[in-house]
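**Student:** Below is the file structure.csv, with CSV, C-alpha atoms.
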```csv
chain,number,residue,atom,x,y,z
A,1,MET,CA,69.8,120.3,9.4
A,2,SER,CA,67.8,122.5,7.1
A,3,ARG,CA,67.3,125.7,9.2
A,4,HIS,CA,69.9,127.5,11.2
A,5,ALA,CA,67.9,128.6,14.2
A,6,ILE,CA,69.8,126.7,16.9
A,7,VAL,CA,69.8,126.5,20.7
A,8,ARG,CA,73.1,125.5,22.0
A,9,ILE,CA,73.0,123.9,25.5
A,10,ASN,CA,76.1,124.0,27.6
A,11,LEU,CA,75.9,121.0,29.9
A,12,ASN,CA,79.0,121.9,31.8
A,13,HIS,CA,77.3,125.2,32.8
A,14,LEU,CA,74.2,123.2,33.8
A,15,GLN,CA,76.3,121.0,36.1
A,16,HIS,CA,78.1,124.0,37.4
A,17,ASN,CA,74.8,125.6,38.4
A,18,TYR,CA,73.6,122.4,40.1
A,19,GLN,CA,76.8,122.3,42.2
A,20,VAL,CA,76.5,126.0,43.1
A,21,LEU,CA,72.9,125.4,44.3
A,22,GLN,CA,73.9,122.3,46.2
A,23,LEU,CA,76.6,124.2,48.1
A,24,ARG,CA,74.2,127.0,48.7
A,25,VAL,CA,71.6,124.8,50.5
A,26,GLY,CA,74.0,122.5,52.3
A,27,GLN,CA,72.2,119.3,53.5
A,28,SER,CA,68.9,120.0,51.8
A,29,GLU,CA,68.3,117.7,48.8
A,30,ILE,CA,67.6,119.2,45.4
A,31,MET,CA,64.6,118.5,43.3
A,32,ALA,CA,65.6,119.7,39.9
A,33,ILE,CA,62.6,121.2,38.1
A,34,VAL,CA,62.7,120.1,34.5
A,35,LYS,CA,59.1,120.7,33.5
A,36,ALA,CA,58.1,122.2,30.1
A,37,ASP,CA,61.0,120.3,28.3
A,38,ALA,CA,63.5,121.5,30.9
A,39,TYR,CA,62.3,125.1,30.5
A,40,GLY,CA,62.8,124.8,26.7
A,41,HIS,CA,66.4,123.5,27.0
A,42,GLY,CA,65.6,119.9,26.0
A,43,LEU,CA,64.7,117.3,28.6
A,44,ASP,CA,66.6,114.6,26.8
A,45,LEU,CA,69.8,116.7,27.1
A,46,VAL,CA,69.2,118.2,30.6
A,47,ALA,CA,68.0,115.2,32.7
A,48,PRO,CA,71.0,112.9,31.9
A,49,ALA,CA,73.4,115.7,32.6
A,50,LEU,CA,71.8,116.5,36.0
A,51,PHE,CA,71.8,112.8,36.8
A,52,ALA,CA,75.5,112.6,36.1
A,53,ALA,CA,76.0,115.6,38.4
A,54,GLY,CA,74.3,113.6,41.2
A,55,CYS,CA,70.7,114.7,41.0
A,56,ARG,CA,68.2,112.0,42.0
A,57,HIS,CA,65.0,114.0,42.4
A,58,PHE,CA,63.2,115.7,39.5
A,59,GLY,CA,60.1,117.7,39.2
A,60,VAL,CA,57.8,117.9,36.2
A,61,THR,CA,54.3,119.2,35.5
A,62,ASP,CA,52.2,116.1,34.9
A,63,ALA,CA,52.1,112.4,34.3
A,64,LEU,CA,52.9,112.7,30.6
A,65,GLU,CA,56.1,114.6,31.3
A,66,GLY,CA,56.9,112.2,34.1
A,67,SER,CA,56.5,109.1,32.0
A,68,ALA,CA,58.8,110.7,29.3
A,69,LEU,CA,61.4,111.5,31.9
A,70,ARG,CA,61.2,108.0,33.4
A,71,GLN,CA,62.1,106.6,30.0
A,72,LEU,CA,65.2,108.8,29.9
A,73,VAL,CA,66.4,107.6,33.3
A,74,ALA,CA,65.2,104.0,33.2
A,75,GLY,CA,67.9,101.7,34.5
A,76,GLU,CA,69.8,104.7,36.1
A,77,GLY,CA,69.2,103.7,39.7
A,78,ASP,CA,66.7,105.2,42.2
A,79,VAL,CA,65.3,108.3,40.6
A,80,GLU,CA,62.3,110.1,42.1
A,81,ILE,CA,60.0,112.0,39.7
A,82,THR,CA,57.5,114.4,41.3
A,83,LEU,CA,54.4,115.6,39.4
A,84,LEU,CA,54.0,119.1,40.6
A,85,SER,CA,50.5,119.6,39.2
A,86,GLY,CA,49.4,116.2,40.5
A,87,ILE,CA,47.0,114.1,38.5
A,88,TYR,CA,44.0,115.2,36.4
A,89,ASP,CA,42.2,111.9,35.6
A,90,ALA,CA,42.3,108.2,35.7
A,91,GLU,CA,44.8,108.0,32.9
A,92,ASP,CA,47.2,110.1,34.9
A,93,ALA,CA,46.8,107.8,37.9
A,94,LYS,CA,47.5,104.8,35.7
A,95,LEU,CA,50.7,106.5,34.4
A,96,ALA,CA,51.8,107.4,37.9
A,97,THR,CA,51.4,103.8,38.9
A,98,GLN,CA,53.0,102.3,35.9
A,99,HIS,CA,56.0,104.6,35.9
A,100,GLN,CA,56.5,104.9,39.7
A,101,LEU,CA,55.8,108.6,39.8
A,102,THR,CA,55.2,110.7,42.9
A,103,PRO,CA,52.1,112.9,42.5
A,104,THR,CA,51.5,116.2,44.4
A,105,ILE,CA,48.0,116.1,45.7
A,106,THR,CA,45.6,118.8,47.0
A,107,GLU,CA,42.2,117.1,46.8
A,108,PRO,CA,40.6,113.9,48.2
A,109,ASP,CA,39.5,113.1,44.6
A,110,HIS,CA,43.2,112.7,43.7
A,111,LEU,CA,43.5,109.9,46.2
A,112,SER,CA,40.3,108.3,44.9
A,113,LEU,CA,41.8,108.2,41.4
A,114,LEU,CA,45.1,106.7,42.7
A,115,HIS,CA,43.2,104.1,44.7
A,116,GLN,CA,41.3,103.0,41.5
A,117,ALA,CA,44.7,102.7,39.7
A,118,ASP,CA,46.0,100.5,42.6
A,119,PHE,CA,48.7,103.0,43.4
A,120,HIS,CA,50.8,102.3,46.4
A,121,GLY,CA,53.6,104.7,46.0
A,122,ARG,CA,54.1,108.0,47.7
A,123,VAL,CA,52.7,111.5,47.3
A,124,TRP,CA,53.5,115.0,48.3
A,125,ILE,CA,50.8,117.1,50.0
A,126,LYS,CA,50.7,120.6,48.8
A,127,VAL,CA,49.5,123.4,51.1
A,128,ASP,CA,48.7,127.0,50.4
A,129,THR,CA,50.6,129.4,52.6
A,130,GLY,CA,49.4,132.7,51.0
A,131,MET,CA,50.0,132.5,47.2
A,132,HIS,CA,46.4,131.3,46.8
A,133,ARG,CA,47.2,129.0,43.9
A,134,LEU,CA,47.2,125.2,44.4
A,135,GLY,CA,46.9,124.0,47.9
A,136,SER,CA,44.9,121.6,50.1
A,137,SER,CA,42.1,123.1,52.2
A,138,ASP,CA,42.4,120.2,54.7
A,139,PRO,CA,45.8,118.7,54.6
A,140,VAL,CA,45.3,116.8,57.9
A,141,ALA,CA,42.4,114.9,56.4
A,142,LEU,CA,44.4,114.2,53.3
A,143,LEU,CA,47.2,112.8,55.4
A,144,SER,CA,44.7,110.6,57.2
A,145,GLN,CA,43.2,109.4,54.0
A,146,CYS,CA,46.7,108.5,52.6
A,147,ARG,CA,47.4,106.4,55.6
A,148,LYS,CA,44.1,104.5,55.3
A,149,GLN,CA,44.8,103.7,51.7
A,150,ALA,CA,48.4,102.6,52.4
A,151,ILE,CA,49.8,105.5,50.3
A,152,GLY,CA,53.0,106.9,51.6
A,153,VAL,CA,53.5,110.6,52.1
A,154,ARG,CA,56.8,111.9,50.8
A,155,GLY,CA,56.3,115.2,52.5
A,156,ILE,CA,54.5,118.5,52.4
A,157,MET,CA,55.3,121.4,50.1
A,158,SER,CA,54.3,125.0,49.4
A,159,HIS,CA,55.4,127.7,47.1
A,160,LEU,CA,56.7,131.2,47.7
A,161,ALA,CA,55.1,134.1,45.8
A,162,CYS,CA,57.6,136.9,46.3
A,163,ALA,CA,61.0,135.4,47.0
A,164,ASP,CA,62.5,137.3,44.1
A,165,THR,CA,61.9,140.4,46.3
A,166,PRO,CA,63.8,139.4,49.5
A,167,THR,CA,62.4,142.2,51.6
A,168,HIS,CA,58.8,141.5,50.8
A,169,PRO,CA,56.9,140.8,54.1
A,170,MET,CA,55.0,137.9,52.4
A,171,ASN,CA,58.2,135.8,52.5
A,172,ARG,CA,58.3,135.7,56.3
A,173,GLN,CA,54.5,135.3,56.5
A,174,GLN,CA,54.6,132.3,54.2
A,175,LEU,CA,57.5,130.8,56.1
A,176,ALA,CA,55.7,131.2,59.4
A,177,ALA,CA,52.4,129.8,57.9
A,178,PHE,CA,54.3,126.8,56.5
A,179,ARG,CA,55.9,126.0,59.8
A,180,ASP,CA,52.6,126.2,61.5
A,181,LEU,CA,50.9,123.9,59.0
A,182,ARG,CA,53.7,121.4,59.2
A,183,SER,CA,53.4,121.2,63.0
A,184,ARG,CA,49.7,120.6,62.7
A,185,ILE,CA,49.9,118.0,60.0
A,186,ASP,CA,53.0,116.1,61.2
A,187,SER,CA,56.2,117.8,62.2
A,188,ASN,CA,58.2,114.7,61.2
A,189,LEU,CA,57.2,114.9,57.5
A,190,PRO,CA,59.9,116.1,55.1
A,191,ALA,CA,59.2,119.7,54.0
A,192,SER,CA,59.9,121.7,50.8
A,193,LEU,CA,59.3,125.4,50.4
A,194,LEU,CA,62.2,127.1,48.5
A,195,ASN,CA,62.2,127.8,44.8
A,196,SER,CA,65.2,129.3,42.9
A,197,ALA,CA,64.6,132.8,44.3
A,198,GLY,CA,64.1,131.3,47.8
A,199,ILE,CA,67.4,129.6,47.6
A,200,ALA,CA,69.0,132.9,46.7
A,201,ALA,CA,67.2,134.9,49.4
A,202,ILE,CA,66.8,132.6,52.4
A,203,PRO,CA,68.9,129.5,51.9
A,204,GLU,CA,68.9,128.8,55.7
A,205,HIS,CA,65.3,127.7,55.3
A,206,GLY,CA,66.0,125.0,52.8
A,207,MET,CA,64.5,122.4,55.1
A,208,ASP,CA,64.6,118.9,53.6
A,209,MET,CA,64.1,119.6,49.8
A,210,VAL,CA,64.5,122.6,47.6
A,211,ARG,CA,63.1,123.0,44.1
A,212,PRO,CA,65.3,125.1,41.8
A,213,GLY,CA,64.1,125.7,38.3
A,214,ILE,CA,65.3,128.9,36.5
A,215,ALA,CA,68.5,129.0,38.5
A,216,LEU,CA,69.6,125.6,37.1
A,217,TYR,CA,69.5,127.2,33.6
A,218,GLY,CA,71.7,130.1,34.6
A,219,SER,CA,69.3,133.0,35.1
A,220,GLU,CA,70.0,134.7,38.4
A,221,PRO,CA,66.7,134.6,40.3
A,222,ILE,CA,67.6,137.9,42.1
A,223,THR,CA,69.7,140.0,39.8
A,224,ASP,CA,71.3,142.1,42.5
A,225,GLN,CA,72.2,139.0,44.6
A,226,PRO,CA,74.0,136.9,42.0
A,227,LEU,CA,74.9,133.3,42.9
A,228,GLY,CA,77.6,132.9,40.3
A,229,LEU,CA,75.4,131.0,37.8
A,230,LYS,CA,76.4,130.4,34.2
A,231,PRO,CA,74.0,130.7,31.2
A,232,VAL,CA,73.1,127.3,29.8
A,233,MET,CA,71.3,128.3,26.6
A,234,GLN,CA,72.7,130.2,23.7
A,235,PHE,CA,70.0,131.1,21.1
A,236,THR,CA,71.6,131.7,17.7
A,237,GLY,CA,70.6,132.3,14.1
A,238,ALA,CA,72.7,132.3,11.0
A,239,VAL,CA,73.2,135.1,8.4
A,240,MET,CA,71.3,134.1,5.2
A,241,GLN,CA,72.0,137.2,3.1
A,242,ILE,CA,73.7,140.6,3.3
A,243,ARG,CA,71.8,143.5,1.7
A,244,GLN,CA,73.0,146.9,0.8
A,245,ILE,CA,70.3,149.4,1.8
A,246,PRO,CA,70.2,153.0,0.4
A,247,THR,CA,69.3,156.1,2.4
A,248,GLY,CA,65.6,156.3,2.8
A,249,ALA,CA,64.8,152.6,2.4
A,250,GLN,CA,62.1,151.2,4.6
A,251,LEU,CA,62.5,147.7,6.1
A,252,SER,CA,60.2,144.8,7.0
A,253,TYR,CA,56.5,144.8,7.7
A,254,GLY,CA,54.8,148.1,8.3
A,255,ALA,CA,57.9,150.0,7.1
A,256,THR,CA,58.6,150.9,10.7
A,257,PHE,CA,62.4,151.5,10.1
A,258,ARG,CA,63.7,154.0,7.6
A,259,ALA,CA,67.4,154.0,6.8
A,260,GLU,CA,69.0,157.4,7.6
A,261,LYS,CA,72.1,156.5,5.7
A,262,ASN,CA,73.4,153.8,3.4
A,263,MET,CA,73.4,150.6,5.4
A,264,ARG,CA,74.5,147.0,5.3
A,265,ILE,CA,71.8,144.7,6.6
A,266,ALA,CA,72.1,141.0,7.6
A,267,VAL,CA,69.0,138.9,7.2
A,268,LEU,CA,69.0,136.2,9.9
A,269,SER,CA,67.4,132.7,9.8
A,270,LEU,CA,65.1,133.0,12.7
A,271,GLY,CA,62.0,134.9,13.8
A,272,TYR,CA,59.1,134.9,16.2
A,273,ALA,CA,58.0,131.4,15.1
A,274,ASP,CA,61.3,130.2,16.5
A,275,GLY,CA,60.9,132.0,19.8
A,276,LEU,CA,62.5,135.4,19.2
A,277,PRO,CA,60.0,137.8,20.7
A,278,ARG,CA,58.4,140.2,18.2
A,279,ALA,CA,58.6,142.9,20.9
A,280,LEU,CA,62.3,143.1,20.0
A,281,SER,CA,61.4,144.8,16.7
A,282,ASN,CA,63.5,148.0,16.3
A,283,ARG,CA,64.8,147.7,19.9
A,284,GLY,CA,66.5,144.3,20.4
A,285,HIS,CA,70.2,143.4,19.9
A,286,ALA,CA,72.3,140.4,18.9
A,287,PHE,CA,76.0,139.7,19.5
A,288,PHE,CA,78.7,138.9,17.0
A,289,ASP,CA,82.5,139.1,17.2
A,290,GLY,CA,82.6,141.5,20.2
A,291,ARG,CA,79.9,143.8,19.0
A,292,LYS,CA,76.2,144.3,19.7
A,293,LEU,CA,74.1,144.6,16.6
A,294,SER,CA,70.8,146.4,16.5
A,295,VAL,CA,67.6,144.7,15.3
A,296,VAL,CA,66.1,146.9,12.5
A,297,GLY,CA,62.5,146.6,11.3
A,298,ARG,CA,59.9,144.2,12.6
A,299,VAL,CA,60.9,140.7,13.6
A,300,CYS,CA,59.2,138.4,11.0
A,301,MET,CA,57.9,134.9,11.5
A,302,ASP,CA,61.1,133.3,10.0
A,303,TYR,CA,63.5,136.2,9.7
A,304,THR,CA,65.1,139.0,11.6
A,305,MET,CA,67.3,141.9,10.2
A,306,LEU,CA,70.3,143.4,11.9
A,307,ASP,CA,72.3,146.5,11.2
A,308,VAL,CA,75.8,145.2,10.3
A,309,THR,CA,77.1,148.4,8.7
A,310,ASP,CA,81.0,148.4,9.0
A,311,ILE,CA,80.9,144.9,10.5
A,312,ASP,CA,82.9,142.0,9.0
A,313,ILE,CA,80.1,139.4,8.9
A,314,GLN,CA,79.2,137.0,6.0
A,315,PRO,CA,76.5,134.6,5.1
A,316,GLY,CA,76.7,131.5,7.3
A,317,ASP,CA,78.0,133.3,10.3
A,318,ALA,CA,76.2,132.5,13.6
A,319,VAL,CA,74.8,135.4,15.7
A,320,GLU,CA,73.8,135.2,19.4
A,321,PHE,CA,70.4,136.7,20.5
A,322,TRP,CA,70.9,135.6,24.2
A,323,GLY,CA,73.4,133.5,26.0
A,324,ASP,CA,76.9,134.3,27.3
A,325,HIS,CA,77.2,137.8,25.9
A,326,ILE,CA,73.6,139.1,26.0
A,327,LEU,CA,72.0,137.7,29.2
A,328,ALA,CA,68.4,136.4,28.9
A,329,ASN,CA,67.5,138.4,32.0
A,330,ASP,CA,68.5,141.6,30.2
A,331,VAL,CA,66.6,140.7,27.0
A,332,ALA,CA,63.5,139.9,29.1
A,333,ALA,CA,63.7,143.1,31.1
A,334,SER,CA,64.0,145.2,27.9
A,335,ILE,CA,60.5,144.0,26.8
A,336,ASP,CA,58.9,143.8,30.3
A,337,THR,CA,58.9,140.0,30.6
A,338,ILE,CA,61.0,137.3,32.3
A,339,SER,CA,63.6,134.9,31.1
A,340,TYR,CA,61.2,132.0,31.7
A,341,THR,CA,59.1,133.2,28.8
A,342,LEU,CA,62.1,133.4,26.5
A,343,PHE,CA,63.3,129.9,27.3
A,344,THR,CA,59.9,128.2,27.2
A,345,GLY,CA,59.0,130.1,24.0
A,346,ILE,CA,61.6,128.4,21.9
A,347,ALA,CA,59.8,126.5,19.2
A,348,ALA,CA,60.0,122.8,18.7
A,349,ARG,CA,61.4,123.3,15.2
A,350,VAL,CA,64.6,124.9,16.7
A,351,ALA,CA,67.4,122.3,17.1
A,352,ARG,CA,68.8,121.8,20.6
A,353,ILE,CA,72.5,120.9,20.4
A,354,ALA,CA,74.6,120.0,23.4
A,355,GLU,CA,78.0,121.7,23.2
A,356,GLN,CA,80.4,124.3,24.6
A,357,PHE,CA,79.8,127.9,24.1
A,358,ASP,CA,83.6,128.5,23.7
A,359,ARG,CA,83.7,127.8,20.0
A,360,CYS,CA,81.5,130.9,19.2
A,361,LYS,CA,82.9,133.3,21.8
A,362,THR,CA,85.3,135.2,19.5
A,363,GLY,CA,85.9,135.4,15.8
A,364,ARG,CA,83.7,133.9,13.2
A,365,CYS,CA,81.6,130.9,14.0
A,366,LYS,CA,79.8,129.1,11.1
A,367,ALA,CA,76.4,127.8,11.8
A,368,ASP,CA,76.2,124.0,11.9
```
Please rewrite the model in this file as structure tokens.
**Tutor:**
Amino acid sequence: MSRHAIVRINLNHLQHNYQVLQLRVGQSEIMAIVKADAYGHGLDLVAPALFAAGCRHFGVTDALEGSALRQLVAGEGDVEITLLSGIYDAEDAKLATQHQLTPTITEPDHLSLLHQADFHGRVWIKVDTGMHRLGSSDPVALLSQCRKQAIGVRGIMSHLACADTPTHPMNRQQLAAFRDLRSRIDSNLPASLLNSAGIAAIPEHGMDMVRPGIALYGSEPITDQPLGLKPVMQFTGAVMQIRQIPTGAQLSYGATFRAEKNMRIAVLSLGYADGLPRALSNRGHAFFDGRKLSVVGRVCMDYTMLDVTDIDIQPGDAVEFWGDHILANDVAASIDTISYTLFTGIAARVARIAEQFDRCKTGRCKAD
């Protein structure tokens, strides 16, 4: 391994979160959302661990993600893979047929493409209940067309817009609209409405299938209603060099930081090209040996500098930017974004390693 920008993935924490969510929703089945490379955590690490925890339903974005996931779980029994964005063209329809994927459909054209690919599997029908994103304008007609083409209907689904604000009136409005649509389409069809925040806010409405994403990875979807989730990702860099900086020295691009005293600065082996937001320049923190260390100067493409004055830290030591000690939700809130963007922003050049966090919790941890 040439660079020491590393994402450590705690699979025990992932499985813990899965079990917490399963207990929360009772008899509802879980469709684990693993799109976007499992929210940046590494699909090849996450999917087998969730399968081992009992998960048999997965949600991805499209047929390319679905075919990659099918390769990972091939020969692992009956695993359903849902394409949340459906299909885009004839090639997608072929992949869905070849890899036994379950598309989500919103348009008659989707069924035409599936028919041309000789698809005889099942589909989800997605309906809009108020978010005004994807959704069928005539789900009754779609259901009828599915039956004419001998395509099974796995169920109907919709998506909540404001579940992370439990008191928002739109939650009840969408729930009522979904129930009404389900009764008009076919009240016997399985139904899926709740995302991570919905599971936290209204678990009693889990229906037949829930679709957690961010909660699986340990970010509490409603921060003041914690579910007891554990962080799965620890984003770390290694100290490359320790610099002695005199009073008045200016650091990094733009000279936006001026030392007000003699300082000891650590240069870290990761930057915004690895996924550390540039917005953390002069305001972010990292964690080492029980201490929060301040980011000083602008975050660079490949490097970040920390104030380590009076800290016993040496080249090779690993430093956490988010994980167990600095929560991704807190980092995101400090720069007016969400943990989703932190996780999915981790670059492909950053190594994903499955291991326990415990080895770096206290004391000095050398980077791998």
**Student:** In Å, how far is it from CA of Ala197 in chain A to CA of Ile222 in chain A?
**Tutor:**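 Interatomic distance, CA of Ala197 in chain A to CA of Ile222 in chain A: 6.3 Å.
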**Student:** Show me the residues close to (59.9, 120.8, 36.0) - anything with an atom within 6 Å, counting only C-alpha atoms - and format the list as a PyMOL selection string.
**Tutor:** chain A and resi 33-35+59-61
**Student:** Calculated over only C-alpha atoms, which of the candidates A:Glu65, A:Asp89, A:Asp138, A:Asp336 has the smallest distance to Lys126 in chain A?
**Tutor:** A:Asp138
**Student:** So that I can check the surroundings of range 180-191 of chain A, please list as a ChimeraX atom specification every protein, DNA and RNA residue that reaches within 8 Å of it, counting only C-alpha atoms and ignoring chain neighbours fewer than 5 positions away.
**Tutor:** /A:139-140,143,153-157,207-209
**Student:** Now that the selection is made, can you save its residues with C-alpha atoms as a short mmCIF file (atom, residue, chain, number, x, y, z; two decimals), in the frame of the given file?
**Tutor:**
```
data_model
loop_
_atom_site.label_atom_id
_atom_site.label_comp_id
_atom_site.auth_asym_id
_atom_site.auth_seq_id
_atom_site.Cartn_x
_atom_site.Cartn_y
_atom_site.Cartn_z
CA PRO A 139 45.80 118.70 54.60
CA VAL A 140 45.30 116.80 57.90
CA LEU A 143 47.20 112.80 55.40
CA VAL A 153 53.50 110.60 52.10
CA ARG A 154 56.80 111.90 50.80
CA GLY A 155 56.30 115.20 52.50
CA ILE A 156 54.50 118.50 52.40
CA MET A 157 55.30 121.40 50.10
CA MET A 207 64.50 122.40 55.10
CA ASP A 208 64.60 118.90 53.60
CA MET A 209 64.10 119.60 49.80
#
```
**Student:** Name all residues at most 8 Å from His110 in chain A (count all atoms listed in the file; drop same-chain ones fewer than 5 positions away) and give them as number ranges by chain.
**Tutor:** A: 86-88, 105
**Student:** Give as a PyMOL selection string each residue that has an atom at most 6 Å from (62.9, 142.6, 17.8) in the file, counting all atoms listed in the file.
**Tutor:** chain A and resi 278-284+295+299
**Student:** Determine the nearest neighbour of Trp322 in chain A from the options A:Leu111, A:Met305, A:Ile346, A:Leu23, counting all atoms listed in the file.
**Tutor:**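 Smallest distance to Trp322 in chain A is found for A:Ile346.
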**Student:** Tell me which of A:Gln100, A:Thr129, A:Ser252, A:Asn195 sits closest to Gln173 in chain A, counting all atoms listed in the file.
**Tutor:**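 Going through A:Gln100, A:Thr129, A:Ser252, A:Asn195 one by one, the smallest distance to Gln173 in chain A is for A:Thr129.
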**Student:** Write out as a ChimeraX atom specification each polymer residue whose atoms come within 12 Å of Ile338 in chain A, counting all atoms listed in the file; drop sequence neighbours fewer than 2 positions from it.
**Tutor:** /A:164,214,219-223,277,327-336,340-345
**Student:** I need the residue nearest Gly228 in chain A from this list: A:His16, A:Lys261, A:His325, A:Arg8. Use all atoms listed in the file for the distance.
**Tutor:**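 Checking each candidate against Gly228 in chain A, we get A:His16 as the closest.
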**Student:** Just want the 10 Å neighbourhood of Phe119 in chain A, counted on all atoms listed in the file, with same-chain residues fewer than 4 positions away dropped. Output as a PyMOL selection string.
**Tutor:** chain A and resi 93-98+100-101+111+113-115+149-151
**Student:** Restricting it to C-alpha atoms, dump the selection as a short mmCIF file (atom, residue, chain, number, x, y, z; two decimals), keeping the file's coordinate frame.
**Tutor:**
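Output (out-v5.cif):
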```
data_model
loop_
_atom_site.label_atom_id
_atom_site.label_comp_id
_atom_site.auth_asym_id
_atom_site.auth_seq_id
_atom_site.Cartn_x
_atom_site.Cartn_y
_atom_site.Cartn_z
CA ALA A 93 46.80 107.80 37.90
CA LYS A 94 47.50 104.80 35.70
CA LEU A 95 50.70 106.50 34.40
CA ALA A 96 51.80 107.40 37.90
CA THR A 97 51.40 103.80 38.90
CA GLN A 98 53.00 102.30 35.90
CA GLN A 100 56.50 104.90 39.70
CA LEU A 101 55.80 108.60 39.80
CA LEU A 111 43.50 109.90 46.20
CA LEU A 113 41.80 108.20 41.40
CA LEU A 114 45.10 106.70 42.70
CA HIS A 115 43.20 104.10 44.70
CA GLN A 149 44.80 103.70 51.70
CA ALA A 150 48.40 102.60 52.40
CA ILE A 151 49.80 105.50 50.30
#
```
**Student:** Pull C-alpha atoms for range 14-67 of chain A from the block and write them as a PDB file, in the first residue's frame.
**Tutor:**
```pdb
ATOM      1  CA  LEU A  14     -22.450  -3.015  10.439  1.00  0.00           C
ATOM      2  CA  GLN A  15     -24.044  -6.265  11.557  1.00  0.00           C
ATOM      3  CA  HIS A  16     -24.965  -4.691  14.897  1.00  0.00           C
ATOM      4  CA  ASN A  17     -26.782  -1.890  13.080  1.00  0.00           C
ATOM      5  CA  TYR A  18     -28.627  -4.376  10.897  1.00  0.00           C
ATOM      6  CA  GLN A  19     -29.866  -6.246  13.959  1.00  0.00           C
ATOM      7  CA  VAL A  20     -30.897  -3.002  15.706  1.00  0.00           C
ATOM      8  CA  LEU A  21     -32.968  -2.033  12.680  1.00  0.00           C
ATOM      9  CA  GLN A  22     -34.513  -5.492  12.379  1.00  0.00           C
ATOM     10  CA  LEU A  23     -35.623  -5.363  16.002  1.00  0.00           C
ATOM     11  CA  ARG A  24     -36.993  -1.883  15.432  1.00  0.00           C
ATOM     12  CA  VAL A  25     -39.286  -2.905  12.571  1.00  0.00           C
ATOM     13  CA  GLY A  26     -40.362  -6.311  13.873  1.00  0.00           C
ATOM     14  CA  GLN A  27     -41.907  -8.464  11.150  1.00  0.00           C
ATOM     15  CA  SER A  28     -41.088  -6.088   8.292  1.00  0.00           C
ATOM     16  CA  GLU A  29     -38.349  -7.328   5.985  1.00  0.00           C
ATOM     17  CA  ILE A  30     -35.240  -5.228   5.404  1.00  0.00           C
ATOM     18  CA  MET A  31     -34.006  -4.198   1.991  1.00  0.00           C
ATOM     19  CA  ALA A  32     -30.458  -3.059   2.735  1.00  0.00           C
ATOM     20  CA  ILE A  33     -29.560  -0.100   0.535  1.00  0.00           C
ATOM     21  CA  VAL A  34     -26.030  -0.617  -0.776  1.00  0.00           C
ATOM     22  CA  LYS A  35     -26.034   1.741  -3.760  1.00  0.00           C
ATOM     23  CA  ALA A  36     -23.050   3.981  -4.535  1.00  0.00           C
ATOM     24  CA  ASP A  37     -20.540   1.312  -3.444  1.00  0.00           C
ATOM     25  CA  ALA A  38     -22.444   0.824  -0.182  1.00  0.00           C
ATOM     26  CA  TYR A  39     -22.407   4.569   0.516  1.00  0.00           C
ATOM     27  CA  GLY A  40     -18.666   4.614  -0.059  1.00  0.00           C
ATOM     28  CA  HIS A  41     -17.968   1.794   2.401  1.00  0.00           C
ATOM     29  CA  GLY A  42     -17.108  -0.825  -0.228  1.00  0.00           C
ATOM     30  CA  LEU A  43     -19.786  -3.087  -1.667  1.00  0.00           C
ATOM     31  CA  ASP A  44     -17.429  -6.061  -1.673  1.00  0.00           C
ATOM     32  CA  LEU A  45     -17.029  -5.730   2.107  1.00  0.00           C
ATOM     33  CA  VAL A  46     -20.546  -4.705   3.069  1.00  0.00           C
ATOM     34  CA  ALA A  47     -22.774  -7.050   1.060  1.00  0.00           C
ATOM     35  CA  PRO A  48     -21.245 -10.357   2.272  1.00  0.00           C
ATOM     36  CA  ALA A  49     -21.324  -9.118   5.879  1.00  0.00           C
ATOM     37  CA  LEU A  50     -24.999  -8.192   5.606  1.00  0.00           C
ATOM     38  CA  PHE A  51     -25.749 -11.543   3.998  1.00  0.00           C
ATOM     39  CA  ALA A  52     -24.023 -13.251   6.922  1.00  0.00           C
ATOM     40  CA  ALA A  53     -26.235 -11.215   9.261  1.00  0.00           C
ATOM     41  CA  GLY A  54     -29.339 -12.599   7.549  1.00  0.00           C
ATOM     42  CA  CYS A  55     -30.099  -9.984   4.896  1.00  0.00           C
ATOM     43  CA  ARG A  56     -31.606 -11.381   1.696  1.00  0.00           C
ATOM     44  CA  HIS A  57     -32.880  -8.175   0.080  1.00  0.00           C
ATOM     45  CA  PHE A  58     -30.627  -5.452  -1.287  1.00  0.00           C
ATOM     46  CA  GLY A  59     -31.269  -2.178  -3.060  1.00  0.00           C
ATOM     47  CA  VAL A  60     -28.907  -0.584  -5.593  1.00  0.00           C
ATOM     48  CA  THR A  61     -29.240   2.255  -8.084  1.00  0.00           C
ATOM     49  CA  ASP A  62     -29.125   0.586 -11.483  1.00  0.00           C
ATOM     50  CA  ALA A  63     -28.430  -2.571 -13.449  1.00  0.00           C
ATOM     51  CA  LEU A  64     -24.657  -2.094 -13.464  1.00  0.00           C
ATOM     52  CA  GLU A  65     -24.590  -1.938  -9.667  1.00  0.00           C
ATOM     53  CA  GLY A  66     -27.043  -4.823  -9.550  1.00  0.00           C
ATOM     54  CA  SER A  67     -24.951  -7.064 -11.776  1.00  0.00           C
TER      55      SER A  67
END
```
